[in-house]
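*Asks:* My structure is stored as query-v4.tsv, with TSV, C-alpha atoms.
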chain	number	residue	atom	x	y	z
A	326	MET	CA	-25.14	12.83	0.35
A	327	THR	CA	-21.95	11.22	-0.94
A	328	PRO	CA	-20.53	8.07	0.67
A	329	ARG	CA	-17.75	10.15	2.22
A	330	GLU	CA	-20.17	12.55	3.89
A	331	ILE	CA	-22.05	9.63	5.42
A	332	THR	CA	-19.02	7.78	6.76
A	333	THR	CA	-16.54	10.57	7.68
A	334	GLU	CA	-17.14	10.29	11.42
A	335	LEU	CA	-16.57	6.52	11.41
A	336	GLU	CA	-13.53	6.84	9.22
A	337	TRP	CA	-11.94	9.29	11.67
A	338	LEU	CA	-12.73	7.06	14.57
A	339	ARG	CA	-11.16	4.09	12.75
A	340	PHE	CA	-7.82	5.87	12.68
A	341	THR	CA	-7.88	6.70	16.38
A	342	ALA	CA	-9.90	3.90	18.04
A	343	PRO	CA	-10.84	1.05	15.65
A	344	GLU	CA	-12.71	-0.86	18.39
A	345	LYS	CA	-15.01	2.12	18.94
A	346	ALA	CA	-15.41	2.55	15.18
A	347	LEU	CA	-16.49	-1.09	14.96
A	348	GLU	CA	-19.05	-0.66	17.72
A	349	LEU	CA	-20.48	2.49	16.17
A	350	ALA	CA	-20.59	0.99	12.66
A	351	GLN	CA	-22.52	-2.01	13.99
A	352	GLU	CA	-24.92	0.28	15.83
A	353	ARG	CA	-25.47	2.47	12.74
A	354	ALA	CA	-25.96	-0.59	10.52
A	355	GLU	CA	-28.73	-1.85	12.84
A	356	GLN	CA	-30.61	1.43	12.41
A	357	ALA	CA	-29.79	2.26	8.79
A	358	SER	CA	-32.18	2.47	5.90
A	359	ARG	CA	-31.49	0.10	3.00
A	360	HIS	CA	-29.72	2.54	0.70
A	361	VAL	CA	-27.06	3.54	3.24
A	362	LEU	CA	-26.81	0.18	5.05
A	363	PRO	CA	-24.03	-1.09	2.71
A	364	LEU	CA	-21.88	1.92	3.64
A	365	TYR	CA	-22.09	1.15	7.36
A	366	LEU	CA	-21.36	-2.51	6.64
A	367	GLY	CA	-18.35	-1.33	4.65
A	368	GLU	CA	-17.13	0.72	7.63
A	369	TRP	CA	-17.74	-2.30	9.83
A	370	ALA	CA	-15.44	-4.33	7.55
A	371	ALA	CA	-12.86	-1.53	7.48
A	372	ALA	CA	-12.79	-1.34	11.29
A	373	LEU	CA	-12.20	-5.11	11.49
A	374	ARG	CA	-9.39	-4.77	8.96
A	375	ALA	CA	-7.84	-1.96	11.02
A	376	MET	CA	-7.95	-4.32	14.03
A	377	GLY	CA	-6.07	-6.96	12.02
A	378	LYS	CA	-9.09	-9.29	11.70
A	379	THR	CA	-8.85	-9.77	7.94
A	380	LYS	CA	-10.95	-12.94	7.67
A	381	ASP	CA	-13.86	-11.32	9.49
A	382	ALA	CA	-13.32	-8.12	7.50
A	383	ARG	CA	-13.50	-10.04	4.23
A	384	GLY	CA	-16.71	-11.78	5.28
A	385	VAL	CA	-18.43	-8.53	6.26
A	386	ALA	CA	-17.19	-6.78	3.09
A	387	MET	CA	-18.78	-9.54	0.97
A	388	VAL	CA	-22.07	-9.07	2.82
A	389	ALA	CA	-21.78	-5.31	2.22
A	390	ILE	CA	-21.19	-5.87	-1.51
A	391	ARG	CA	-24.25	-8.10	-1.81
A	392	ALA	CA	-26.36	-5.47	-0.04
A	393	ALA	CA	-24.94	-2.68	-2.22
A	394	LYS	CA	-25.68	-4.64	-5.39
A	395	ARG	CA	-29.26	-4.99	-4.22
A	396	TRP	CA	-29.96	-1.49	-2.86
A	397	GLY	CA	-27.09	0.90	-3.40
A	398	LYS	CA	-26.31	3.30	-6.22
A	399	PRO	CA	-23.06	2.68	-8.16
A	400	SER	CA	-20.89	4.89	-5.93
A	401	VAL	CA	-22.12	3.03	-2.82
A	402	LEU	CA	-21.14	-0.27	-4.44
A	403	GLY	CA	-17.82	1.34	-5.43
A	404	ASP	CA	-17.21	2.42	-1.84
A	405	VAL	CA	-17.74	-1.06	-0.40
A	406	ILE	CA	-15.68	-2.69	-3.14
A	407	GLN	CA	-12.86	-0.34	-2.09
A	408	LYS	CA	-13.15	-1.68	1.44
A	409	LEU	CA	-12.72	-5.21	0.11
A	410	ALA	CA	-9.77	-4.02	-2.02
A	411	TYR	CA	-8.04	-2.81	1.15
A	412	VAL	CA	-8.64	-6.11	2.89
A	413	GLU	CA	-7.12	-7.96	-0.08
A	414	ALA	CA	-4.10	-5.63	-0.01
A	415	TYR	CA	-3.60	-6.39	3.69
A	416	ARG	CA	-3.83	-10.10	2.91
A	417	GLY	CA	-1.03	-9.58	0.39
A	418	ASP	CA	-3.20	-10.27	-2.68
A	419	PHE	CA	-2.12	-7.15	-4.56
A	420	GLY	CA	-3.42	-8.18	-7.98
A	421	GLN	CA	-6.92	-8.66	-6.59
A	422	ALA	CA	-6.67	-5.39	-4.64
A	423	VAL	CA	-5.80	-3.36	-7.73
A	424	ALA	CA	-8.47	-5.04	-9.86
A	425	LEU	CA	-11.10	-4.28	-7.20
A	426	ALA	CA	-9.96	-0.66	-6.87
A	427	GLU	CA	-10.22	-0.22	-10.65
A	428	LYS	CA	-13.69	-1.73	-10.62
A	429	ALA	CA	-14.71	0.65	-7.84
A	430	LEU	CA	-13.30	3.55	-9.85
A	431	VAL	CA	-15.53	2.77	-12.81
A	432	LEU	CA	-18.57	2.64	-10.53
A	433	HIS	CA	-17.73	6.03	-9.03
A	434	ALA	CA	-17.38	7.43	-12.55
A	435	GLU	CA	-20.92	6.25	-13.28
A	436	ASP	CA	-22.20	8.54	-10.51
A	437	CYS	CA	-19.75	11.30	-11.52
A	438	TYR	CA	-18.39	10.95	-7.99
A	439	THR	CA	-14.94	12.39	-8.66
A	440	ASN	CA	-13.83	12.19	-5.05
A	441	GLY	CA	-14.43	8.43	-5.17
A	442	ILE	CA	-12.29	8.24	-8.31
A	443	GLY	CA	-9.53	10.10	-6.43
A	444	ARG	CA	-9.75	7.73	-3.51
A	445	CYS	CA	-9.57	4.68	-5.80
A	446	LEU	CA	-6.47	6.08	-7.48
A	447	GLY	CA	-5.02	6.69	-4.01
A	448	ASP	CA	-5.75	3.07	-3.09
A	449	GLN	CA	-3.94	1.87	-6.20
A	450	GLY	CA	-1.00	4.08	-5.29
A	451	TYR	CA	-0.99	2.59	-1.82
A	452	VAL	CA	-0.88	-0.94	-3.23
A	453	ALA	CA	1.98	0.06	-5.57
A	454	THR	CA	3.83	1.47	-2.55
A	455	LEU	CA	3.31	-1.76	-0.61
A	456	GLN	CA	4.85	-3.53	-3.61
A	457	ARG	CA	7.71	-1.01	-3.46
A	458	ASP	CA	7.01	0.31	-6.96
A	459	TYR	CA	7.46	3.92	-5.88
A	460	ALA	CA	7.42	5.51	-9.36
A	461	LYS	CA	4.05	3.90	-10.08
A	462	GLY	CA	2.82	4.85	-6.60
A	463	LEU	CA	3.80	8.48	-7.10
A	464	ASN	CA	1.99	8.60	-10.44
A	465	PHE	CA	-1.21	7.32	-8.82
A	466	PHE	CA	-1.02	9.73	-5.87
A	467	GLU	CA	-0.53	12.69	-8.20
A	468	SER	CA	-3.57	11.60	-10.20
A	469	ALA	CA	-5.55	11.08	-7.01
A	470	LEU	CA	-4.83	14.62	-5.82
A	471	HIS	CA	-6.22	15.92	-9.09
A	472	TYR	CA	-9.60	14.27	-8.44
A	473	LEU	CA	-10.00	14.54	-4.66
A	474	ASP	CA	-12.31	17.24	-3.27
A	475	GLU	CA	-10.50	20.14	-1.63
A	476	ASP	CA	-12.34	19.44	1.62
A	477	ASP	CA	-11.54	15.71	1.74
A	478	ARG	CA	-8.61	16.59	3.97
A	479	LEU	CA	-8.05	13.10	5.27
A	480	ALA	CA	-7.55	11.64	1.79
A	481	ARG	CA	-5.60	14.69	0.51
A	482	PHE	CA	-3.32	14.49	3.53
A	483	SER	CA	-2.82	10.76	3.12
A	484	CYS	CA	-2.11	10.98	-0.65
A	485	SER	CA	0.30	13.89	-0.18
A	486	MET	CA	2.14	12.08	2.59
A	487	ASN	CA	2.36	8.89	0.54
A	488	ALA	CA	3.55	10.87	-2.49
A	489	SER	CA	6.19	12.48	-0.27
A	490	PHE	CA	7.28	9.03	0.91
A	491	CYS	CA	7.54	7.80	-2.72
A	492	CYS	CA	9.66	10.87	-3.59
A	493	GLN	CA	11.94	10.07	-0.67
A	494	GLN	CA	12.40	6.54	-1.98
A	495	LEU	CA	13.05	7.89	-5.47
A	496	ALA	CA	15.50	10.52	-4.10
A	497	LEU	CA	13.37	13.40	-5.45
A	498	GLU	CA	14.07	15.68	-2.51
A	499	ASP	CA	12.48	18.88	-3.88
A	500	ASP	CA	9.26	17.08	-4.77
A	501	ARG	CA	9.31	15.33	-1.40
A	502	ARG	CA	9.33	18.72	0.35
A	503	ALA	CA	6.55	20.06	-1.91
A	504	PHE	CA	4.23	17.12	-1.17
A	505	LEU	CA	5.02	17.35	2.51
A	506	ASP	CA	4.09	21.07	2.52
A	507	GLU	CA	0.83	20.15	0.77
A	508	ALA	CA	0.11	17.52	3.44
A	509	LEU	CA	0.91	19.90	6.28
A	510	LYS	CA	-1.75	22.32	5.02
A	511	HIS	CA	-4.29	19.80	6.35
A	512	GLN	CA	-2.56	18.94	9.60
A	513	GLU	CA	-5.27	20.54	11.76
A	514	ASP	CA	-7.85	18.24	10.22
A	515	VAL	CA	-6.37	14.77	10.54
A	516	PRO	CA	-6.24	12.23	13.36
A	517	GLU	CA	-3.25	12.32	15.70
A	518	GLY	CA	-1.64	9.11	14.36
A	519	MET	CA	-1.51	10.54	10.85
A	520	LEU	CA	-0.22	13.85	12.14
A	521	MET	CA	2.65	12.10	13.90
A	522	ARG	CA	3.65	10.58	10.59
A	523	ALA	CA	3.74	14.06	9.06
A	524	LYS	CA	5.82	15.41	11.92
A	525	TRP	CA	8.26	12.56	11.42
A	526	GLU	CA	8.49	13.23	7.69
A	527	GLU	CA	8.98	16.95	8.30
A	528	VAL	CA	11.76	16.54	10.86
A	529	GLU	CA	13.52	14.03	8.58
A	530	VAL	CA	13.46	16.53	5.71
A	531	ARG	CA	14.77	19.29	8.01
A	532	VAL	CA	17.62	17.07	9.22
A	533	LEU	CA	18.51	16.22	5.60
A	534	GLU	CA	18.66	19.95	4.92
A	535	GLY	CA	21.08	20.29	7.86
A	536	LYS	CA	18.54	22.10	10.07
A	537	TYR	CA	18.83	20.46	13.48
A	538	ASP	CA	16.89	23.05	15.56
A	539	GLY	CA	14.15	21.30	17.45
A	540	ALA	CA	14.86	17.96	15.73
A	541	ALA	CA	15.96	16.20	18.93
A	542	GLN	CA	12.82	17.37	20.74
A	543	THR	CA	10.56	16.20	17.91
A	544	PHE	CA	12.15	12.74	17.82
A	545	LYS	CA	11.79	12.54	21.63
A	546	THR	CA	8.07	13.38	21.29
A	547	LEU	CA	7.67	10.78	18.53
A	548	ALA	CA	9.46	8.08	20.53
A	549	SER	CA	7.23	8.71	23.57
A	550	TYR	CA	4.10	8.76	21.42
A	551	PHE	CA	4.81	5.35	19.88
A	552	LEU	CA	6.04	3.88	23.16
A	553	GLU	CA	2.78	4.84	24.89
A	554	ARG	CA	0.92	2.94	22.19
A	555	ASP	CA	3.17	-0.14	22.36
A	556	GLN	CA	4.40	0.45	18.82
A	557	ILE	CA	7.90	-0.63	19.79
A	558	PRO	CA	9.65	-0.75	16.37
A	559	GLN	CA	8.44	2.79	15.62
A	560	ALA	CA	9.55	3.97	19.09
A	561	ALA	CA	12.95	2.33	18.59
A	562	LEU	CA	13.34	3.91	15.17
A	563	ALA	CA	12.51	7.39	16.51
A	564	THR	CA	15.08	6.84	19.28
A	565	CYS	CA	17.70	5.81	16.70
A	566	GLU	CA	17.01	9.03	14.77
A	567	LEU	CA	17.28	10.98	18.04
A	568	VAL	CA	20.70	9.46	18.79
A	569	GLN	CA	21.89	10.31	15.28
A	570	VAL	CA	20.77	13.93	15.65
A	571	LEU	CA	22.51	14.22	19.05
A	572	LEU	CA	25.72	12.80	17.59
A	573	LYS	CA	25.58	15.26	14.69
A	574	GLN	CA	25.12	18.08	17.20
A	575	LYS	CA	28.19	16.76	19.12
A	576	ARG	CA	26.03	16.07	22.20
A	577	ILE	CA	27.98	12.84	22.66
A	578	ASP	CA	27.23	12.00	26.33
A	579	GLU	CA	23.54	12.63	25.81
A	580	ALA	CA	23.59	10.39	22.73
A	581	PHE	CA	25.09	7.51	24.72
A	582	GLN	CA	22.52	7.98	27.50
A	583	VAL	CA	19.62	7.95	25.06
A	584	ALA	CA	20.99	4.86	23.28
A	585	LYS	CA	21.00	3.02	26.61
A	586	THR	CA	17.28	3.79	27.10
A	587	LEU	CA	16.59	1.36	24.24
A	588	ALA	CA	17.48	-1.58	26.50
A	589	PRO	CA	14.04	-2.08	28.13
A	590	LEU	CA	12.34	-2.14	24.71
A	591	VAL	CA	13.98	-5.47	23.90
A	592	MET	CA	11.83	-7.06	26.62
A	593	ASP	CA	8.69	-6.31	24.61
A	594	LEU	CA	9.97	-7.88	21.40
A	595	SER	CA	10.32	-11.45	20.25
A	596	ASP	CA	13.91	-12.76	20.24
A	597	ASP	CA	14.07	-13.09	16.49
A	598	SER	CA	12.59	-9.68	15.58
A	599	VAL	CA	14.64	-7.33	13.40
A	600	THR	CA	14.20	-4.52	15.94
A	601	ALA	CA	15.45	-6.68	18.84
A	602	ALA	CA	18.59	-7.63	16.87
A	603	ALA	CA	19.19	-4.01	15.85
A	604	ILE	CA	18.81	-2.73	19.42
A	605	THR	CA	21.17	-5.41	20.73
A	606	GLU	CA	23.83	-4.14	18.30
A	607	ILE	CA	23.32	-0.57	19.49
A	608	LEU	CA	23.59	-1.60	23.15
A	609	ARG	CA	26.84	-3.39	22.33
A	610	ALA	CA	28.13	-0.18	20.73
A	611	THR	CA	27.34	1.90	23.84
A	612	GLY	CA	30.51	0.38	25.29
A	613	ALA	CA	32.55	1.57	22.29
A	614	THR	CA	33.48	4.89	20.63
A	615	HIS	CA	30.96	7.44	19.40
A	616	ARG	CA	31.90	6.59	15.80
A	617	GLU	CA	31.01	2.95	16.40
A	618	LEU	CA	27.78	4.00	18.08
A	619	ALA	CA	26.94	6.20	15.07
A	620	ALA	CA	27.56	3.29	12.68
A	621	ALA	CA	25.47	0.87	14.79
A	622	VAL	CA	22.56	3.31	15.07
A	623	ARG	CA	22.63	4.11	11.34
A	624	ASP	CA	22.60	0.41	10.49
A	625	ALA	CA	19.85	-0.34	13.01
A	626	ALA	CA	17.65	2.52	11.73
A	627	SER	CA	17.97	1.25	8.18
A	628	LYS	CA	17.04	-2.33	9.18
A	629	ILE	CA	14.03	-1.28	11.29
A	630	LYS	CA	12.81	1.07	8.56
A	631	ASP	CA	13.10	-1.73	6.02
A	632	GLU	CA	11.10	-4.04	8.28
A	633	LEU	CA	8.39	-1.43	8.86
A	634	THR	CA	7.88	-0.83	5.14
A	635	ARG	CA	7.94	-4.50	4.20
A	636	PRO	CA	4.80	-5.52	2.30
A	637	PRO	CA	2.34	-7.74	4.22
A	638	ARG	CA	2.64	-11.45	3.52
B	208	MET	CA	-25.83	1.25	-36.15
B	209	THR	CA	-28.13	0.66	-33.19
B	210	PRO	CA	-26.93	1.74	-29.73
B	211	GLU	CA	-26.53	-1.91	-28.85
B	212	GLU	CA	-24.40	-2.63	-31.90
B	213	TYR	CA	-22.33	0.46	-31.19
B	214	HIS	CA	-21.87	-0.67	-27.61
B	215	LEU	CA	-20.76	-4.13	-28.71
B	216	ARG	CA	-18.33	-2.65	-31.19
B	217	LEU	CA	-16.82	-0.44	-28.49
B	218	LEU	CA	-16.58	-3.40	-26.21
B	219	ALA	CA	-14.77	-5.49	-28.81
B	220	GLU	CA	-12.44	-2.62	-29.74
B	221	PHE	CA	-11.62	-1.80	-26.18
B	222	ASP	CA	-10.99	-5.42	-25.38
B	223	ARG	CA	-8.64	-5.74	-28.35
B	224	ILE	CA	-6.74	-2.54	-27.56
B	225	LEU	CA	-6.27	-3.18	-23.90
B	226	GLY	CA	-5.42	-6.77	-24.68
B	227	ASP	CA	-1.96	-6.36	-26.13
B	228	LYS	CA	-1.32	-2.67	-26.52
B	229	PRO	CA	-1.58	-0.84	-23.23
B	230	HIS	CA	-0.31	2.35	-24.89
B	231	GLY	CA	-2.69	2.10	-27.82
B	232	THR	CA	-5.77	3.21	-25.89
B	233	LEU	CA	-5.22	6.93	-26.39
B	234	ALA	CA	-4.40	6.55	-30.06
B	235	TRP	CA	-7.62	4.61	-30.50
B	236	LEU	CA	-9.61	7.26	-28.66
B	237	GLN	CA	-8.10	9.86	-30.99
B	238	ARG	CA	-8.73	7.88	-34.14
B	239	GLU	CA	-12.11	6.30	-33.48
B	240	MET	CA	-13.79	8.64	-31.07
B	241	GLY	CA	-12.42	12.00	-32.14
B	242	VAL	CA	-10.78	12.99	-28.88
B	243	SER	CA	-8.66	16.03	-29.73
B	244	ASP	CA	-4.88	16.29	-29.59
B	245	THR	CA	-5.25	19.08	-27.04
B	246	TYR	CA	-7.03	16.78	-24.62
B	247	ILE	CA	-4.47	14.05	-25.10
B	248	ARG	CA	-1.65	16.52	-24.43
B	249	GLN	CA	-3.40	17.82	-21.32
B	250	TRP	CA	-3.93	14.33	-19.94
B	251	ARG	CA	-0.31	13.41	-20.58
B	252	ALA	CA	0.89	16.65	-18.96
B	253	GLN	CA	-1.24	15.90	-15.91
B	254	GLY	CA	0.35	12.46	-15.73
B	255	LYS	CA	-2.97	10.75	-15.05
B	256	ALA	CA	-3.28	7.01	-14.95
B	257	PRO	CA	-4.56	5.51	-18.24
B	258	ILE	CA	-7.80	4.34	-16.67
B	259	ALA	CA	-8.59	7.87	-15.47
B	260	ARG	CA	-7.83	9.31	-18.91
B	261	LEU	CA	-10.10	6.78	-20.50
B	262	LEU	CA	-12.93	7.54	-18.11
B	263	GLU	CA	-12.65	11.23	-18.86
B	264	ALA	CA	-12.87	10.47	-22.55
B	265	LEU	CA	-15.94	8.32	-22.08
B	266	THR	CA	-17.59	10.98	-19.94
B	267	LEU	CA	-16.79	13.57	-22.57
B	268	LEU	CA	-18.40	11.44	-25.24
B	269	ASN	CA	-21.38	10.62	-23.06
B	270	VAL	CA	-20.79	6.88	-23.29
B	271	ASP	CA	-22.45	4.71	-20.65
B	272	HIS	CA	-19.14	3.62	-19.24
B	273	THR	CA	-20.07	1.53	-16.26
B	274	THR	CA	-21.69	-1.25	-18.20
B	275	PHE	CA	-19.22	-0.84	-20.99
B	276	LEU	CA	-16.06	-0.88	-18.90
B	277	VAL	CA	-17.10	-3.39	-16.31
B	278	ARG	CA	-18.18	-5.81	-19.02
B	279	ALA	CA	-15.03	-5.23	-21.00
B	280	PHE	CA	-12.77	-5.72	-18.02
B	281	GLU	CA	-14.69	-8.71	-16.75
B	282	ALA	CA	-14.58	-10.32	-20.17
B	283	LYS	CA	-10.83	-9.88	-20.18
B	284	GLY	CA	-10.52	-11.21	-16.65
B	285	GLU	CA	-9.05	-7.85	-15.52
B	286	PHE	CA	-11.78	-7.36	-12.95
B	287	PRO	CA	-12.59	-10.06	-10.46
B	288	ARG	CA	-16.15	-11.22	-10.60
B	289	ILE	CA	-17.48	-10.79	-7.11
B	290	GLU	CA	-19.74	-13.74	-6.74
B	291	GLU	CA	-23.14	-12.96	-5.25
B	292	GLU	CA	-23.18	-16.23	-3.39
B	293	ALA	CA	-19.62	-16.16	-2.05
B	294	ILE	CA	-19.92	-16.50	1.70
B	295	VAL	CA	-17.01	-16.10	4.07
B	296	GLU	CA	-17.88	-17.93	7.25
B	297	SER	CA	-17.25	-15.82	10.33
B	298	PRO	CA	-19.35	-14.71	13.32
B	299	GLN	CA	-19.01	-11.08	12.23
B	300	ALA	CA	-20.19	-11.87	8.70
B	301	ARG	CA	-23.17	-13.80	10.10
B	302	ALA	CA	-24.11	-10.83	12.31
B	303	ALA	CA	-23.89	-8.50	9.31
B	304	GLN	CA	-25.94	-10.90	7.18
B	305	ARG	CA	-28.66	-10.99	9.86
B	306	ILE	CA	-29.04	-7.20	9.62
B	307	VAL	CA	-29.26	-7.41	5.82
B	308	ASP	CA	-31.90	-10.17	6.05
B	309	GLU	CA	-33.96	-8.08	8.48
B	310	ALA	CA	-33.72	-5.08	6.15
B	311	GLN	CA	-34.91	-7.29	3.32
B	312	GLU	CA	-38.11	-8.25	5.17
Please re-express this file's structure in structure tokens.
*Replies:*
Amino acid sequence: MTPREITTELEWLRFTAPEKALELAQERAEQASRHVLPLYLGEWAAALRAMGKTKDARGVAMVAIRAAKRWGKPSVLGDVIQKLAYVEAYRGDFGQAVALAEKALVLHAEDCYTNGIGRCLGDQGYVATLQRDYAKGLNFFESALHYLDEDDRLARFSCSMNASFCCQQLALEDDRRAFLDEALKHQEDVPEGMLMRAKWEEVEVRVLEGKYDGAAQTFKTLASYFLERDQIPQAALATCELVQVLLKQKRIDEAFQVAKTLAPLVMDLSDDSVTAAAITEILRATGATHRELAAAVRDAASKIKDELTRPPR
Amino acid sequence: MTPEEYHLRLLAEFDRILGDKPHGTLAWLQREMGVSDTYIRQWRAQGKAPIARLLEALTLLNVDHTTFLVRAFEAKGEFPRIEEEAIVESPQARAAQRIVDEAQE
């Protein structure tokens, strides 16, 4: 079995409930035979990273690497090195992250594990995107899609979505749409959080094309989804997009009402957060004309988006 | 030339090429290892990253690339050496290490 086949279930769980993924990875590691133990330790580290515990994640990843060097085949070592690469990327050490991903890639090549090569290229694209080098990121994602197995839907979806995002940043609108369509082919097979990202991307593309049907409803759904999960900046950004769509559709009163619903969100944010400042400006504009509201919302959306895509420090 | 000598020569060449000429790798593969123009054109058309193109070439030529590449990159300092003994102190890491120690016994 390939590393992916062994860890798919845990990987899925990590996207939806990292705490449960951690528990299950620990349980599996306790029972695992030596040759697959490093993979479960790697998932353990990845779950910790997803929970924001990077120091712990780094420690467990190092243990996983030592075990893989002792018992694993090259692609198993490659898989756990990738986990460490991700931790380093989250710590903001991009140079180390890329070097580790390249090392993992060579190890996957040794086992002729092409899907692992694809995933490593995807990781490098992700690091380039974090560094805001979108042309480089796009190049990596395109390469990754060439190597990834057709049935590795999670990775194909993720690479296509990231490629679409890079195209957006590079103003390549046709390519953006093409990558988005590729990602949406796999929408039945990805966790809900990833699907929401695709829905967001899709509605944004439709709005850019001047197709407003259903856009307001989709942004409402997105705002509720993120609000329920306490992801306040994302919820605020979806609400900003909703207000902009309503204004474009000349649903002025509704736009003002929706803008005012942002007020309670400020309570959940620190005083100096970018989102709190942006929302305050919008609330100020709800006492002004619809043109001023449109300008405030546009400005706020741009600031929140910038904050959300800022590389980790 | 013994396989070991050949390996060392590849290592030295690769090190030199990647050292200052990031775009020279393909030309070297063409010149020294006989990779055809057709392949080079295909790789370029596919827009693959240089490392992926190189790996394909090595696979094609049946070169043992793990040892070769890892050593070359490590020698150049491109790859981090992951130290066997590096320990990151954390309760989670200790719990993981305990499982590894038990598996060892």
*Asks:* May I ask for the distance between atom CA of B:Ala300 and atom CA of A:Leu373, given in Å to one decimal place?
*Replies:* 10.8 Å
*Asks:* Write out as a ChimeraX atom specification each polymer residue whose atoms come within 6 Å of stretch 596-608 of chain A, counting only C-alpha atoms; drop sequence neighbours fewer than 6 positions from it.
*Replies:* /A:558,621-622,625,629
*Asks:* I want to know what sits within 9 Å of A:Leu547, based on all atoms listed in the file, with residues of the same chain fewer than 3 positions away left out; could you give that as a list in words?
*Replies:*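 Contacts, in chain order: Met521, Arg522, Lys524, Trp525, Gln542, Thr543, Phe544, Tyr550, Phe551, Leu552, Gln559, Ala560, Ala563 and Thr564 of chain A.
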*Asks:* Would you write out, as JSON lines, a table of all residues in chain A that have an atom no more than 9 Å from an atom of chain B, listing for each the closest atom pair and the distance in Å to one decimal, considering only C-alpha atoms and ordering rows by chain and rising residue number?
*Replies:*
{"residue": "A:Gln351", "atom": "CA", "partner": "B:Ala303", "partner_atom": "CA", "distance": 8.1}
{"residue": "A:Ala354", "atom": "CA", "partner": "B:Ile306", "partner_atom": "CA", "distance": 7.3}
{"residue": "A:Glu355", "atom": "CA", "partner": "B:Ile306", "partner_atom": "CA", "distance": 6.3}
{"residue": "A:Ala357", "atom": "CA", "partner": "B:Ala310", "partner_atom": "CA", "distance": 8.7}
{"residue": "A:Ser358", "atom": "CA", "partner": "B:Ala310", "partner_atom": "CA", "distance": 7.7}
{"residue": "A:Arg359", "atom": "CA", "partner": "B:Ala310", "partner_atom": "CA", "distance": 6.5}
{"residue": "A:Leu362", "atom": "CA", "partner": "B:Val307", "partner_atom": "CA", "distance": 8.0}
{"residue": "A:Pro363", "atom": "CA", "partner": "B:Val307", "partner_atom": "CA", "distance": 8.8}
{"residue": "A:Leu366", "atom": "CA", "partner": "B:Ala303", "partner_atom": "CA", "distance": 7.0}
{"residue": "A:Trp369", "atom": "CA", "partner": "B:Ala303", "partner_atom": "CA", "distance": 8.7}
{"residue": "A:Ala370", "atom": "CA", "partner": "B:Gln299", "partner_atom": "CA", "distance": 9.0}
{"residue": "A:Lys380", "atom": "CA", "partner": "B:Ser297", "partner_atom": "CA", "distance": 7.4}
{"residue": "A:Asp381", "atom": "CA", "partner": "B:Ser297", "partner_atom": "CA", "distance": 5.7}
{"residue": "A:Ala382", "atom": "CA", "partner": "B:Ala300", "partner_atom": "CA", "distance": 7.9}
{"residue": "A:Arg383", "atom": "CA", "partner": "B:Val295", "partner_atom": "CA", "distance": 7.0}
{"residue": "A:Gly384", "atom": "CA", "partner": "B:Val295", "partner_atom": "CA", "distance": 4.5}
{"residue": "A:Val385", "atom": "CA", "partner": "B:Ala300", "partner_atom": "CA", "distance": 4.5}
{"residue": "A:Ala386", "atom": "CA", "partner": "B:Ala300", "partner_atom": "CA", "distance": 8.1}
{"residue": "A:Met387", "atom": "CA", "partner": "B:Ile294", "partner_atom": "CA", "distance": 7.1}
{"residue": "A:Val388", "atom": "CA", "partner": "B:Gln304", "partner_atom": "CA", "distance": 6.1}
{"residue": "A:Ala389", "atom": "CA", "partner": "B:Ala303", "partner_atom": "CA", "distance": 8.1}
{"residue": "A:Ile390", "atom": "CA", "partner": "B:Glu291", "partner_atom": "CA", "distance": 8.2}
{"residue": "A:Arg391", "atom": "CA", "partner": "B:Glu291", "partner_atom": "CA", "distance": 6.1}
{"residue": "A:Ala392", "atom": "CA", "partner": "B:Val307", "partner_atom": "CA", "distance": 6.8}
{"residue": "A:Lys394", "atom": "CA", "partner": "B:Glu291", "partner_atom": "CA", "distance": 8.7}
{"residue": "A:Pro399", "atom": "CA", "partner": "B:Thr273", "partner_atom": "CA", "distance": 8.7}
{"residue": "A:Gln421", "atom": "CA", "partner": "B:Pro287", "partner_atom": "CA", "distance": 7.0}
{"residue": "A:Val423", "atom": "CA", "partner": "B:Phe286", "partner_atom": "CA", "distance": 8.9}
{"residue": "A:Ala424", "atom": "CA", "partner": "B:Phe286", "partner_atom": "CA", "distance": 5.1}
{"residue": "A:Leu425", "atom": "CA", "partner": "B:Phe286", "partner_atom": "CA", "distance": 6.6}
{"residue": "A:Glu427", "atom": "CA", "partner": "B:Phe286", "partner_atom": "CA", "distance": 7.7}
{"residue": "A:Lys428", "atom": "CA", "partner": "B:Phe286", "partner_atom": "CA", "distance": 6.4}
{"residue": "A:Leu430", "atom": "CA", "partner": "B:Ala259", "partner_atom": "CA", "distance": 8.5}
{"residue": "A:Val431", "atom": "CA", "partner": "B:Thr273", "partner_atom": "CA", "distance": 5.8}
{"residue": "A:Leu432", "atom": "CA", "partner": "B:Thr273", "partner_atom": "CA", "distance": 6.0}
{"residue": "A:His433", "atom": "CA", "partner": "B:Thr273", "partner_atom": "CA", "distance": 8.8}
{"residue": "A:Ala434", "atom": "CA", "partner": "B:Leu262", "partner_atom": "CA", "distance": 7.1}
{"residue": "A:Glu435", "atom": "CA", "partner": "B:Thr273", "partner_atom": "CA", "distance": 5.6}
{"residue": "A:Cys437", "atom": "CA", "partner": "B:Thr266", "partner_atom": "CA", "distance": 8.7}
{"residue": "A:Ile442", "atom": "CA", "partner": "B:Ala259", "partner_atom": "CA", "distance": 8.1}
{"residue": "A:Leu446", "atom": "CA", "partner": "B:Ala256", "partner_atom": "CA", "distance": 8.2}
{"residue": "A:Asn464", "atom": "CA", "partner": "B:Gly254", "partner_atom": "CA", "distance": 6.8}
{"residue": "A:Phe465", "atom": "CA", "partner": "B:Ala256", "partner_atom": "CA", "distance": 6.5}
{"residue": "A:Glu467", "atom": "CA", "partner": "B:Lys255", "partner_atom": "CA", "distance": 7.5}
{"residue": "A:Ser468", "atom": "CA", "partner": "B:Lys255", "partner_atom": "CA", "distance": 5.0}
{"residue": "A:Ala469", "atom": "CA", "partner": "B:Lys255", "partner_atom": "CA", "distance": 8.5}
{"residue": "A:His471", "atom": "CA", "partner": "B:Gln253", "partner_atom": "CA", "distance": 8.4}
